[in-house]
>>> print(open('final_33.txt').read())   # compact mmCIF, C-alpha atoms and all ligand atoms
# COMPACT_ATOMS: atom_id res chain seq x y z
CA MET A 538 0.00 0.00 0.00
CA MET A 539 1.58 3.26 -1.15
CA GLU A 540 1.71 6.29 1.14
CA ASN A 541 0.49 9.44 -0.48
CA THR A 542 2.03 12.04 1.77
CA ASN A 543 4.43 14.13 -0.26
CA ILE A 544 7.56 15.50 1.29
CA LYS A 545 7.01 19.23 1.73
CA LEU A 546 9.22 21.80 0.04
CA PRO A 547 10.94 24.16 2.50
CA ASP A 548 9.51 27.68 2.87
CA ASN A 549 12.50 29.37 1.24
CA PHE A 550 12.49 27.02 -1.78
CA GLU A 551 13.22 28.73 -5.12
CA THR A 552 12.09 27.07 -8.35
CA TYR A 553 14.67 26.72 -11.10
CA ASN A 554 13.18 29.66 -13.01
CA GLU A 555 13.15 31.85 -9.90
CA ALA A 556 16.79 31.03 -9.22
CA ARG A 557 17.67 31.66 -12.86
CA GLN A 558 16.03 35.06 -12.79
CA ALA A 559 17.56 36.01 -9.43
CA GLY A 560 20.94 35.23 -10.96
CA PHE A 561 20.46 37.78 -13.78
CA LEU A 562 20.95 40.75 -11.47
CA ARG A 563 23.93 39.17 -9.73
CA MET A 564 25.52 38.50 -13.10
CA LYS A 565 24.88 42.07 -14.25
CA GLN A 566 26.52 43.43 -11.11
CA LEU A 567 29.51 41.13 -11.58
CA LYS A 568 29.89 42.25 -15.19
CA GLU A 569 29.79 45.89 -14.14
CA LYS A 570 32.70 45.13 -11.81
CA GLY A 571 34.64 43.66 -14.74
CA ALA A 572 33.90 39.93 -14.40
CA LYS A 573 34.89 37.72 -17.32
CA VAL A 574 32.22 35.18 -18.22
CA VAL A 575 32.31 31.94 -20.20
CA GLY A 576 28.96 30.44 -21.22
CA MET A 577 28.62 26.69 -21.65
CA PHE A 578 26.06 23.93 -22.11
CA CYS A 579 27.64 20.63 -21.17
CA SER A 580 29.40 18.69 -18.40
CA PHE A 581 32.33 17.84 -20.67
CA VAL A 582 33.70 21.40 -20.63
CA PRO A 583 36.45 21.53 -17.96
CA MET A 584 35.31 24.38 -15.77
CA GLU A 585 38.59 24.25 -13.86
CA LEU A 586 40.30 26.03 -16.75
CA VAL A 587 37.70 28.79 -16.74
CA TYR A 588 38.24 29.38 -13.02
CA ALA A 589 42.00 29.22 -13.54
CA ALA A 590 41.65 32.02 -16.11
CA GLY A 591 39.98 34.17 -13.45
CA ALA A 592 36.65 33.91 -15.27
CA LEU A 593 33.23 32.64 -14.24
CA PRO A 594 31.61 29.66 -15.97
CA VAL A 595 27.86 29.91 -16.44
CA GLY A 596 25.35 27.38 -17.75
CA LEU A 597 23.33 28.94 -20.57
CA CYS A 598 19.54 28.84 -20.76
CA ALA A 599 18.25 25.76 -22.55
CA PHE A 600 15.32 24.42 -20.57
CA THR A 601 12.06 26.02 -21.65
CA GLU A 602 9.96 25.87 -24.78
CA GLU A 603 9.43 29.63 -25.35
CA PRO A 604 12.31 30.22 -27.80
CA ILE A 605 11.86 26.97 -29.72
CA PRO A 606 9.52 28.31 -32.45
CA ALA A 607 12.08 31.01 -33.26
CA ALA A 608 14.86 28.42 -33.37
CA GLU A 609 12.83 26.28 -35.78
CA ALA A 610 13.14 29.00 -38.38
CA ASN A 611 16.77 27.90 -38.82
CA LEU A 612 16.93 24.43 -37.30
CA PRO A 613 15.03 21.25 -38.19
CA ARG A 614 11.95 20.62 -36.07
CA ASN A 615 12.94 17.04 -35.30
CA LEU A 616 15.88 18.05 -33.17
CA CYS A 617 16.26 17.64 -29.41
CA PRO A 618 14.43 20.43 -27.53
CA LEU A 619 17.55 21.21 -25.52
CA ILE A 620 19.46 22.06 -28.68
CA LYS A 621 16.59 24.10 -30.13
CA ALA A 622 16.09 25.99 -26.88
CA SER A 623 19.83 26.70 -26.52
CA TYR A 624 19.94 28.25 -29.96
CA GLY A 625 16.53 29.89 -29.62
CA PHE A 626 17.48 31.74 -26.44
CA ALA A 627 20.56 33.14 -28.20
CA LEU A 628 18.67 34.00 -31.38
CA THR A 629 15.90 35.85 -29.56
CA ASP A 630 18.38 37.49 -27.15
CA THR A 631 16.41 36.23 -24.15
CA CYS A 632 19.21 34.52 -22.21
CA PRO A 633 21.01 37.22 -20.20
CA TYR A 634 23.79 34.76 -19.44
CA PHE A 635 24.44 34.37 -23.17
CA TYR A 636 24.35 38.15 -23.52
CA PHE A 637 26.92 38.60 -20.73
CA SER A 638 29.23 35.81 -21.92
CA ASP A 639 32.56 36.93 -23.36
CA LEU A 640 32.95 33.53 -24.97
CA VAL A 641 30.67 30.55 -25.49
CA VAL A 642 32.16 27.06 -25.36
CA GLY A 643 30.61 24.12 -27.13
CA GLU A 644 31.72 20.52 -27.55
CA THR A 645 31.23 17.87 -30.20
CA THR A 646 29.02 15.63 -28.11
CA CYS A 647 26.01 14.78 -30.30
CA ASP A 648 25.57 15.63 -33.97
CA GLY A 649 22.69 18.08 -33.53
CA LYS A 650 24.53 20.06 -30.90
CA LYS A 651 27.83 20.25 -32.71
CA LYS A 652 26.14 21.50 -35.89
CA MET A 653 24.00 23.97 -33.92
CA PHE A 654 27.21 25.53 -32.60
CA GLU A 655 28.09 26.56 -36.16
CA LEU A 656 24.90 28.64 -36.23
CA LEU A 657 25.48 29.93 -32.72
CA ASP A 658 28.92 31.14 -33.77
CA GLU A 659 27.20 33.59 -36.13
CA ILE A 660 25.61 35.26 -33.10
CA LYS A 661 28.54 35.13 -30.66
CA GLU A 662 32.01 33.61 -30.86
CA THR A 663 31.59 29.92 -29.99
CA TYR A 664 34.73 27.92 -29.34
CA VAL A 665 34.13 24.21 -29.88
CA MET A 666 36.12 21.52 -28.08
CA GLN A 667 36.46 18.38 -30.21
CA LEU A 668 35.38 15.58 -27.90
CA PRO A 669 36.41 12.05 -28.92
CA HIS A 670 33.70 9.43 -28.43
CA SER A 671 35.76 6.59 -27.00
CA ARG A 672 38.08 6.15 -24.04
CA ASP A 673 41.15 4.44 -25.44
CA ASP A 674 44.70 5.81 -25.26
CA ALA A 675 44.47 7.60 -28.60
CA ALA A 676 41.24 9.31 -27.50
CA LEU A 677 42.82 10.30 -24.20
CA ALA A 678 45.85 11.85 -25.93
CA PHE A 679 43.59 13.73 -28.36
CA TRP A 680 41.34 15.01 -25.56
CA LYS A 681 44.31 16.09 -23.49
CA ASP A 682 45.49 18.15 -26.45
CA GLN A 683 42.01 19.68 -26.73
CA ILE A 684 42.20 20.66 -23.07
CA VAL A 685 45.57 22.36 -23.59
CA ARG A 686 44.17 24.19 -26.63
CA PHE A 687 41.16 25.37 -24.63
CA LYS A 688 43.52 26.73 -21.98
CA GLU A 689 45.41 28.60 -24.72
CA LYS A 690 42.15 29.97 -26.11
CA LEU A 691 41.21 31.31 -22.67
CA GLU A 692 44.66 32.87 -22.27
CA ASP A 693 44.31 34.50 -25.64
CA ILE A 694 40.80 35.86 -25.24
CA PHE A 695 41.31 37.14 -21.69
CA GLN A 696 44.97 38.13 -22.15
CA VAL A 697 46.08 36.19 -19.07
CA THR A 698 48.63 33.52 -18.31
CA ILE A 699 47.19 30.37 -16.76
CA THR A 700 49.80 28.59 -14.66
CA GLU A 701 49.70 24.98 -13.55
CA ASP A 702 49.32 26.23 -9.98
CA ASP A 703 46.22 28.18 -11.05
CA ILE A 704 44.80 24.97 -12.51
CA ARG A 705 45.73 22.95 -9.40
CA ASP A 706 43.93 25.45 -7.22
CA ALA A 707 40.85 25.33 -9.46
CA ILE A 708 40.92 21.52 -9.40
CA ARG A 709 40.89 21.56 -5.59
CA ARG A 710 37.97 24.01 -5.50
CA LYS A 711 35.91 22.11 -8.09
CA ASN A 712 36.64 18.81 -6.34
CA ARG A 713 35.34 20.29 -3.11
CA GLU A 714 32.15 21.24 -4.93
CA ARG A 715 31.80 17.70 -6.32
CA ARG A 716 32.20 16.21 -2.84
CA VAL A 717 29.67 18.63 -1.34
CA MET A 718 27.12 18.01 -4.10
CA LEU A 719 27.59 14.26 -3.95
CA LYS A 720 27.10 14.21 -0.19
CA TYR A 721 23.88 16.15 -0.73
CA LEU A 722 22.73 13.78 -3.51
CA GLU A 723 23.56 10.79 -1.30
CA LEU A 724 20.89 11.91 1.13
CA GLY A 725 18.69 9.94 -1.25
CA LYS A 726 20.11 6.76 0.27
CA LEU A 727 18.16 7.40 3.46
CA ASP A 728 14.87 5.60 4.05
CA PRO A 729 12.41 7.25 4.26
CA ALA A 730 13.59 9.73 1.62
CA PRO A 731 14.50 12.89 3.51
CA MET A 732 13.50 15.33 0.76
CA SER A 733 11.82 15.28 -2.61
CA GLY A 734 13.84 14.49 -5.73
CA TYR A 735 12.21 17.57 -7.19
CA GLU A 736 13.88 19.74 -4.57
CA MET A 737 17.14 17.84 -4.82
CA GLY A 738 17.53 18.27 -8.59
CA THR A 739 16.30 21.85 -8.57
CA ARG A 740 18.85 22.91 -5.96
CA VAL A 741 21.74 21.30 -7.84
CA ASP A 742 20.76 23.10 -11.05
CA ALA A 743 19.94 26.37 -9.32
CA GLY A 744 23.32 26.32 -7.58
CA SER A 745 24.96 27.26 -10.86
CA PHE A 746 23.30 30.69 -10.59
CA SER A 747 25.22 31.56 -7.45
CA PHE A 748 28.50 32.34 -9.12
CA ASP A 749 30.77 32.19 -6.09
CA LEU A 750 31.91 28.57 -5.98
CA ASP A 751 32.68 28.55 -2.26
CA GLN A 752 29.39 30.23 -1.41
CA ARG A 753 27.55 27.65 -3.54
CA CYS A 754 29.22 24.87 -1.54
CA ASP A 755 28.34 26.57 1.76
CA ILE A 756 24.65 26.83 0.78
CA ILE A 757 24.44 23.14 -0.16
CA GLU A 758 26.37 22.05 2.95
CA LYS A 759 23.96 24.03 5.12
CA ARG A 760 20.93 22.44 3.42
CA THR A 761 22.48 18.97 3.77
CA ALA A 762 22.98 19.48 7.50
CA GLU A 763 19.40 20.78 7.91
CA VAL A 764 17.94 17.81 6.05
CA ILE A 765 19.92 15.30 8.11
CA ALA A 766 18.87 16.98 11.37
CA GLU A 767 15.18 17.01 10.34
CA TRP A 768 15.35 13.39 9.22
CA GLU A 769 17.02 12.22 12.43
CA ALA A 770 14.51 14.10 14.57
CA ASN A 771 11.33 13.09 12.72
CA CYS A 772 11.86 10.20 10.31
CA LYS A 773 14.69 7.92 11.39
CA GLY A 774 13.53 4.35 12.01
CA LYS A 775 10.27 4.80 10.07
CA PRO A 776 10.94 3.32 6.60
CA SER A 777 8.54 4.39 3.87
CA THR A 778 6.34 2.24 1.63
CA ARG A 779 6.60 4.77 -1.22
CA PRO A 780 8.47 3.31 -4.24
CA ARG A 781 12.03 4.62 -4.52
CA LEU A 782 12.90 5.62 -8.08
CA LEU A 783 16.08 6.23 -10.01
CA VAL A 784 15.84 8.75 -12.86
CA THR A 785 18.31 8.35 -15.70
CA GLY A 786 18.81 9.59 -19.27
CA CYS A 787 18.90 13.06 -20.81
CA PRO A 788 19.16 16.34 -18.87
CA ASN A 789 15.79 16.73 -17.15
CA ALA A 790 15.60 20.39 -16.07
CA GLY A 791 13.17 21.18 -18.90
CA VAL A 792 10.78 18.35 -17.97
CA ARG A 793 11.23 18.24 -14.21
CA GLU A 794 7.71 19.47 -13.44
CA LYS A 795 5.87 17.10 -15.70
CA ILE A 796 7.85 13.98 -14.82
CA ILE A 797 9.72 14.23 -11.51
CA ARG A 798 7.24 16.39 -9.67
CA ALA A 799 4.36 14.45 -11.21
CA VAL A 800 5.62 11.01 -10.18
CA GLU A 801 6.27 12.24 -6.64
CA GLU A 802 2.72 13.61 -6.49
CA LEU A 803 1.52 10.19 -7.58
CA GLY A 804 3.14 8.60 -4.52
CA ALA A 805 6.78 7.73 -5.34
CA ASP A 806 10.09 9.24 -4.21
CA VAL A 807 12.79 10.07 -6.74
CA VAL A 808 15.89 9.35 -4.68
CA ALA A 809 18.70 9.03 -7.23
CA PHE A 810 19.77 10.63 -10.51
CA ASP A 811 22.06 9.11 -13.12
CA THR A 812 22.04 12.41 -14.98
CA CYS A 813 24.23 15.43 -15.57
CA ASN A 814 22.45 17.31 -12.80
CA GLY A 815 22.81 14.26 -10.57
CA ASN A 816 25.71 12.00 -9.76
CA ARG A 817 27.07 11.54 -13.28
CA GLU A 818 29.65 14.32 -13.36
CA LYS A 819 30.30 14.39 -9.62
CA VAL A 820 31.09 10.79 -8.89
CA GLU A 821 34.67 10.93 -10.15
CA LEU A 822 37.03 13.63 -8.90
CA VAL A 823 40.00 15.05 -10.79
CA ASP A 824 43.08 13.25 -9.45
CA GLU A 825 44.86 15.91 -7.38
CA SER A 826 47.95 13.71 -7.03
CA ASN A 827 48.57 13.53 -10.79
CA PRO A 828 51.58 15.80 -11.46
CA ASP A 829 50.28 16.45 -15.01
CA VAL A 830 47.20 18.65 -14.54
CA TYR A 831 46.13 18.33 -18.18
CA ASP A 832 46.30 14.55 -18.01
CA ALA A 833 44.31 14.62 -14.78
CA LEU A 834 41.58 16.78 -16.34
CA ALA A 835 41.51 14.72 -19.54
CA ARG A 836 41.07 11.44 -17.66
CA LYS A 837 38.31 12.75 -15.42
CA TYR A 838 36.23 14.35 -18.14
CA LEU A 839 36.61 11.51 -20.63
CA ASN A 840 35.09 9.16 -18.05
CA ILE A 841 31.74 11.00 -17.84
CA ASN A 842 29.11 8.36 -18.52
CA CYS A 843 27.26 10.23 -21.25
CA SER A 844 25.65 8.23 -24.06
CA VAL A 845 27.69 10.09 -26.69
CA MET A 846 30.51 7.72 -25.67
CA SER A 847 30.76 4.45 -27.55
CA PRO A 848 30.84 1.95 -26.01
CA ASN A 849 29.47 3.26 -22.73
CA ASP A 850 29.26 0.12 -20.58
CA SER A 851 30.42 2.03 -17.52
CA ARG A 852 27.03 3.79 -17.40
CA ARG A 853 25.29 0.47 -16.85
CA ALA A 854 27.78 -0.48 -14.17
CA TYR A 855 27.16 2.82 -12.39
CA ILE A 856 23.38 2.46 -12.66
CA GLY A 857 23.84 -0.92 -10.97
CA GLU A 858 25.73 0.76 -8.12
CA LEU A 859 22.97 3.35 -7.76
CA ILE A 860 20.25 0.68 -7.73
CA ASP A 861 22.00 -1.18 -4.92
CA GLY A 862 23.25 1.83 -2.97
CA TYR A 863 19.95 3.75 -2.99
CA SER A 864 17.67 0.68 -2.61
CA ILE A 865 15.88 1.44 -5.87
CA ASP A 866 12.48 -0.12 -6.68
CA GLY A 867 12.10 1.14 -10.27
CA VAL A 868 13.90 3.11 -12.99
CA VAL A 869 12.49 5.92 -15.13
CA GLU A 870 14.52 6.85 -18.19
CA ILE A 871 13.88 10.26 -19.75
CA ILE A 872 14.64 10.61 -23.45
CA LEU A 873 14.36 14.03 -25.02
CA GLN A 874 12.83 13.73 -28.47
CA SER A 875 15.38 13.06 -31.23
CA CYS A 876 18.20 12.33 -28.80
CA HIS A 877 19.55 9.38 -30.72
CA THR A 878 22.42 8.45 -28.41
CA TYR A 879 20.32 8.09 -25.25
CA ASP A 880 17.46 6.59 -27.24
CA VAL A 881 19.60 3.83 -28.72
CA GLU A 882 21.44 3.21 -25.45
CA ALA A 883 18.06 2.83 -23.72
CA HIS A 884 17.93 -0.68 -25.20
CA PHE A 885 20.87 -1.73 -23.01
CA ILE A 886 19.63 0.18 -19.99
CA LYS A 887 16.20 -1.44 -20.13
CA ARG A 888 17.72 -4.90 -20.51
CA PHE A 889 20.14 -4.31 -17.66
CA VAL A 890 17.48 -2.95 -15.31
CA THR A 891 14.79 -5.52 -16.05
CA GLN A 892 16.88 -8.66 -16.61
CA GLU A 893 20.01 -8.19 -14.50
CA LYS A 894 18.50 -6.15 -11.68
CA GLY A 895 14.94 -7.52 -11.95
CA LEU A 896 13.29 -4.10 -11.61
CA PRO A 897 10.52 -2.32 -13.52
CA TYR A 898 11.71 0.20 -16.11
CA LEU A 899 9.79 3.01 -17.80
CA ASN A 900 11.02 4.92 -20.83
CA ILE A 901 9.46 8.34 -21.41
CA GLU A 902 10.23 10.16 -24.65
CA THR A 903 9.17 13.76 -24.46
CA ASP A 904 9.95 17.37 -25.27
CA TYR A 905 9.43 20.67 -23.46
CA SER A 906 5.77 21.12 -24.44
CA GLN A 907 2.89 20.46 -22.06
CA SER A 908 0.84 18.58 -24.66
CA ASP A 909 1.78 15.11 -23.36
CA LYS A 910 1.43 15.95 -19.67
CA GLY A 911 -1.81 13.98 -19.21
CA GLN A 912 -0.48 10.98 -21.09
CA ILE A 913 2.74 10.99 -19.05
CA ASN A 914 0.75 11.13 -15.82
CA THR A 915 -1.27 8.10 -16.89
CA ARG A 916 1.89 6.15 -17.78
CA LEU A 917 3.60 7.09 -14.52
CA ALA A 918 0.57 5.99 -12.50
CA ALA A 919 0.42 2.67 -14.37
CA PHE A 920 4.17 2.20 -13.85
CA LEU A 921 3.87 2.69 -10.09
CA GLU A 922 1.19 0.02 -10.03
CA THR A 923 3.77 -2.48 -11.35
CA ILE A 924 6.14 -1.85 -8.46
CA ASP A 925 5.90 -4.45 -5.80
CA LYS A 926 6.25 -2.53 -2.53
S1 LIG B 1 23.97 14.40 -21.23
FE1 LIG B 1 25.99 14.36 -22.28
S2 LIG B 1 25.86 15.91 -23.88
FE2 LIG B 1 24.17 16.30 -22.42
S3 LIG B 1 25.00 17.77 -20.92
FE3 LIG B 1 25.39 15.74 -20.09
S4 LIG B 1 27.46 15.21 -20.80
FE4 LIG B 1 26.74 16.91 -22.07
S1 LIG B 2 19.86 15.44 -24.85
FE1 LIG B 2 20.80 14.18 -26.44
S2 LIG B 2 20.37 15.22 -28.39
FE2 LIG B 2 19.98 16.68 -26.71
S3 LIG B 2 21.91 17.81 -26.51
FE3 LIG B 2 22.01 16.10 -25.05
S4 LIG B 2 23.01 14.40 -26.15
FE4 LIG B 2 22.36 15.94 -27.66
>>> encode(input="final_33.txt", output="C-alpha cells")
Amino acid sequence: MMENTNIKLPDNFETYNEARQAGFLRMKQLKEKGAKVVGMFCSFVPMELVYAAGALPVGLCAFTEEPIPAAEANLPRNLCPLIKASYGFALTDTCPYFYFSDLVVGETTCDGKKKMFELLDEIKETYVMQLPHSRDDAALAFWKDQIVRFKEKLEDIFQVTITEDDIRDAIRRKNRERRVMLKYLELGKLDPAPMSGYEMGTRVDAGSFSFDLDQRCDIIEKRTAEVIAEWEANCKGKPSTRPRLLVTGCPNAGVREKIIRAVEELGADVVAFDTCNGNREKVELVDESNPDVYDALARKYLNINCSVMSPNDSRRAYIGELIDGYSIDGVVEIILQSCHTYDVEAHFIKRFVTQEKGLPYLNIETDYSQSDKGQINTRLAAFLETIDK
C-alpha cells in the first residue's frame, strides 16, 4: 500500500526559473565590476580552466519551450528540444547569461549540438572543443590536447597567463564542490527519503546561478545538515512504503515538473539521478595527485558516462551501483525527443534494469511542451502500479 504524503518543500524554496532570474541581477553586477564570463552547455567542458583564467563559468539557458519556435526557423523541427532551446534563447536574445558571456564554449558531443554551434557562432564567438567518443589511449591523448588548446584559447581571449598552480587550485575548489554536491545527492540513500527528488535536482541546477563557488558549496552544505537533522529528529527508524525511483537519461531540467514532480505527487520518491544534474559528473574527482594537470583533467572528463561515448558500458555499471546503494524499486529513463544516443542506449539500460536487476523500467520520450502531460501522468501511474512494494 503506497503512502500518499508528499515531502514538503521548504519555505525558502526557489524554483529553477526563480533562481535563474535572481541570478540575472547578480551577473549584471559582476559584469559591471569587470567579471569575465564563459557560457557553456555541457558537463564535458572543464570548468577548472575557466576558473584558472579568473573567469566565471555559467550554464546557458536551454530548458524552456518559449524560444523553440524562433529556433525552428533555422533548425530542423525534429531536433532535441535542448538544442533548439539553446539556440533559440541566443537567437531571440532572451538569455542574459548568453548576452553577458565573453565567450561561449561548445563541444562535439552529439551531432545536432555540434552543428548547432556553427549557427550559434554567427551570433557570438563559440569555441568548440572536439570531444572524442571513446576512451582508449588515442582518444585520451587527443582530448588532453584539446584541453591544452582550450587553456590557450582562454589565455588569448582574456589576455592572461594560466599557470599549472592556477589549474591545481581550481581543481581543488571544483573537487570540493563535487564532494559537497555528492554528499547532498547521497541523502537519497536514506529511508524514508528525507526530501523530494524535485527539490534535490532543482537545488543542484539552481546552484549554478550563485557564481561564487565557495558560497555555492556553503549553501548546499547548510541544506544537507538541515535535512539530516530534520530526518534524524522526525523520520529515522520509520521506513517508507513509497516506491524509490532512479531517474536516468537526458538532462531533465526542462521536464522536471511534468515527470519528476508528477511522479512524486503520484506517490513515489525520486531518490537518485544518473544524470548530468545528478551524480554523473560528480562521482569521479579530478586526481589531485597527478603531477600532469592536463592529463588529470583529460582522464576525469573523458570518463563521464554520457551516451555520446561508444561503447558506454560504464554507465550500466554505475546504474547498478545506484540501484544497490539507494535501494531502488524502479527506474524511469527520460529521453528528449530526437536524442539518438540516449534513445539507442536505452535498449541496453532497459535490458540491464529488467533482466540483470529484476526491476521495472519506464522509458518516457518527451519534449518541453505540455501537450503530453496527461499521457505521461497516466503512464507514470500505471508504472507505479507495477512496483511491488
Ligand atoms: S547528457 Fe551528455 S551531452 Fe548532455 S549535458 Fe550531459 S554530458 Fe553533455
Ligand atoms: S539530450 Fe541528447 S540530443 Fe539533446 S543535446 Fe544532449 S546528447 Fe544531444
>>> residues_near_ligand(input="final_33.txt", ligand="ligand LIG 1 (chain B)", cutoff="6 Å", atoms="only C-alpha atoms and all ligand atoms", output="ChimeraX atom specification")
/A:579-581,646,787-788,813,843
>>> residues_near_ligand(input="final_33.txt", ligand="ligand LIG 2 (chain B)", cutoff="9 Å", atoms="all atoms listed in the file", output="JSON, numbers by chain")
{"A": [578, 579, 616, 617, 618, 619, 620, 621, 646, 647, 648, 649, 650, 651, 786, 787, 788, 789, 843, 844, 845, 872, 873, 874, 875, 876, 877, 878, 879, 880]}
>>> residues_around(input="final_33.txt", residues="Pro848 (chain A)", least_positions_apart="5", cutoff="12 Å", atoms="all atoms listed in the file", output="list in words")
Pro669, His670, Ser671, Arg672, Asp673, Asn840, Asn842, Cys843, Arg853, Thr878, Val881, Glu882 and Phe885 of chain A
>>> residues_around(input="final_33.txt", residues="Val869 (chain A)", least_positions_apart="3", cutoff="10 Å", atoms="only C-alpha atoms", output="PDB file with C-alpha atoms, in the coordinates of the input")
ATOM      1  CA  LEU A 782      12.900   5.620  -8.080  1.00  0.00           C
ATOM      2  CA  LEU A 783      16.080   6.230 -10.010  1.00  0.00           C
ATOM      3  CA  VAL A 784      15.840   8.750 -12.860  1.00  0.00           C
ATOM      4  CA  THR A 785      18.310   8.350 -15.700  1.00  0.00           C
ATOM      5  CA  GLY A 786      18.810   9.590 -19.270  1.00  0.00           C
ATOM      6  CA  ILE A 796       7.850  13.980 -14.820  1.00  0.00           C
ATOM      7  CA  ILE A 797       9.720  14.230 -11.510  1.00  0.00           C
ATOM      8  CA  VAL A 800       5.620  11.010 -10.180  1.00  0.00           C
ATOM      9  CA  VAL A 807      12.790  10.070  -6.740  1.00  0.00           C
ATOM     10  CA  PHE A 810      19.770  10.630 -10.510  1.00  0.00           C
ATOM     11  CA  ILE A 872      14.640  10.610 -23.450  1.00  0.00           C
ATOM     12  CA  LYS A 887      16.200  -1.440 -20.130  1.00  0.00           C
ATOM     13  CA  PRO A 897      10.520  -2.320 -13.520  1.00  0.00           C
ATOM     14  CA  TYR A 898      11.710   0.200 -16.110  1.00  0.00           C
ATOM     15  CA  LEU A 899       9.790   3.010 -17.800  1.00  0.00           C
ATOM     16  CA  ASN A 900      11.020   4.920 -20.830  1.00  0.00           C
ATOM     17  CA  ILE A 901       9.460   8.340 -21.410  1.00  0.00           C
ATOM     18  CA  LEU A 917       3.600   7.090 -14.520  1.00  0.00           C
ATOM     19  CA  PHE A 920       4.170   2.200 -13.850  1.00  0.00           C
TER      20      PHE A 920
END
>>> atom_distance(input="final_33.txt", atom1="CA of Lys910 (chain A)", atom2="CA of Leu803 (chain A)")
13.4 Å
>>> closest_residue(input="final_33.txt", among="A:Val868, A:Met737, A:Ile708, A:Ile684", to="Ala790 (chain A)", atoms="all atoms listed in the file")
A:Met737
>>> residues_around(input="final_33.txt", residues="Ala918 (chain A)", least_positions_apart="4", cutoff="12 Å", atoms="all atoms listed in the file", output="list of chain:residue names")
A:Met539, A:Pro780, A:Ile796, A:Ala799, A:Val800, A:Glu801, A:Glu802, A:Leu803, A:Gly804, A:Ala805, A:Leu899, A:Gly911, A:Gln912, A:Ile913, A:Asn914, A:Glu922, A:Thr923, A:Ile924
>>> atom_distance(input="final_33.txt", atom1="CA of Glu763 (chain A)", atom2="CA of Ile544 (chain A)")
14.6 Å
>>> atom_distance(input="final_33.txt", atom1="CA of Arg793 (chain A)", atom2="CA of Ile865 (chain A)")
19.3 Å
>>> residues_around(input="final_33.txt", residues="region 718-724 of chain A", least_positions_apart="3", cutoff="8 Å", atoms="only C-alpha atoms", output="tab-separated table (two decimals) with C-alpha atoms, keeping the file's coordinate frame")
chain	number	residue	atom	x	y	z
A	714	GLU	CA	32.15	21.24	-4.93
A	715	ARG	CA	31.80	17.70	-6.32
A	727	LEU	CA	18.16	7.40	3.46
A	730	ALA	CA	13.59	9.73	1.62
A	731	PRO	CA	14.50	12.89	3.51
A	737	MET	CA	17.14	17.84	-4.82
A	741	VAL	CA	21.74	21.30	-7.84
A	754	CYS	CA	29.22	24.87	-1.54
A	757	ILE	CA	24.44	23.14	-0.16
A	758	GLU	CA	26.37	22.05	2.95
A	761	THR	CA	22.48	18.97	3.77
A	765	ILE	CA	19.92	15.30	8.11
A	809	ALA	CA	18.70	9.03	-7.23
A	815	GLY	CA	22.81	14.26	-10.57
A	816	ASN	CA	25.71	12.00	-9.76
A	819	LYS	CA	30.30	14.39	-9.62
A	820	VAL	CA	31.09	10.79	-8.89
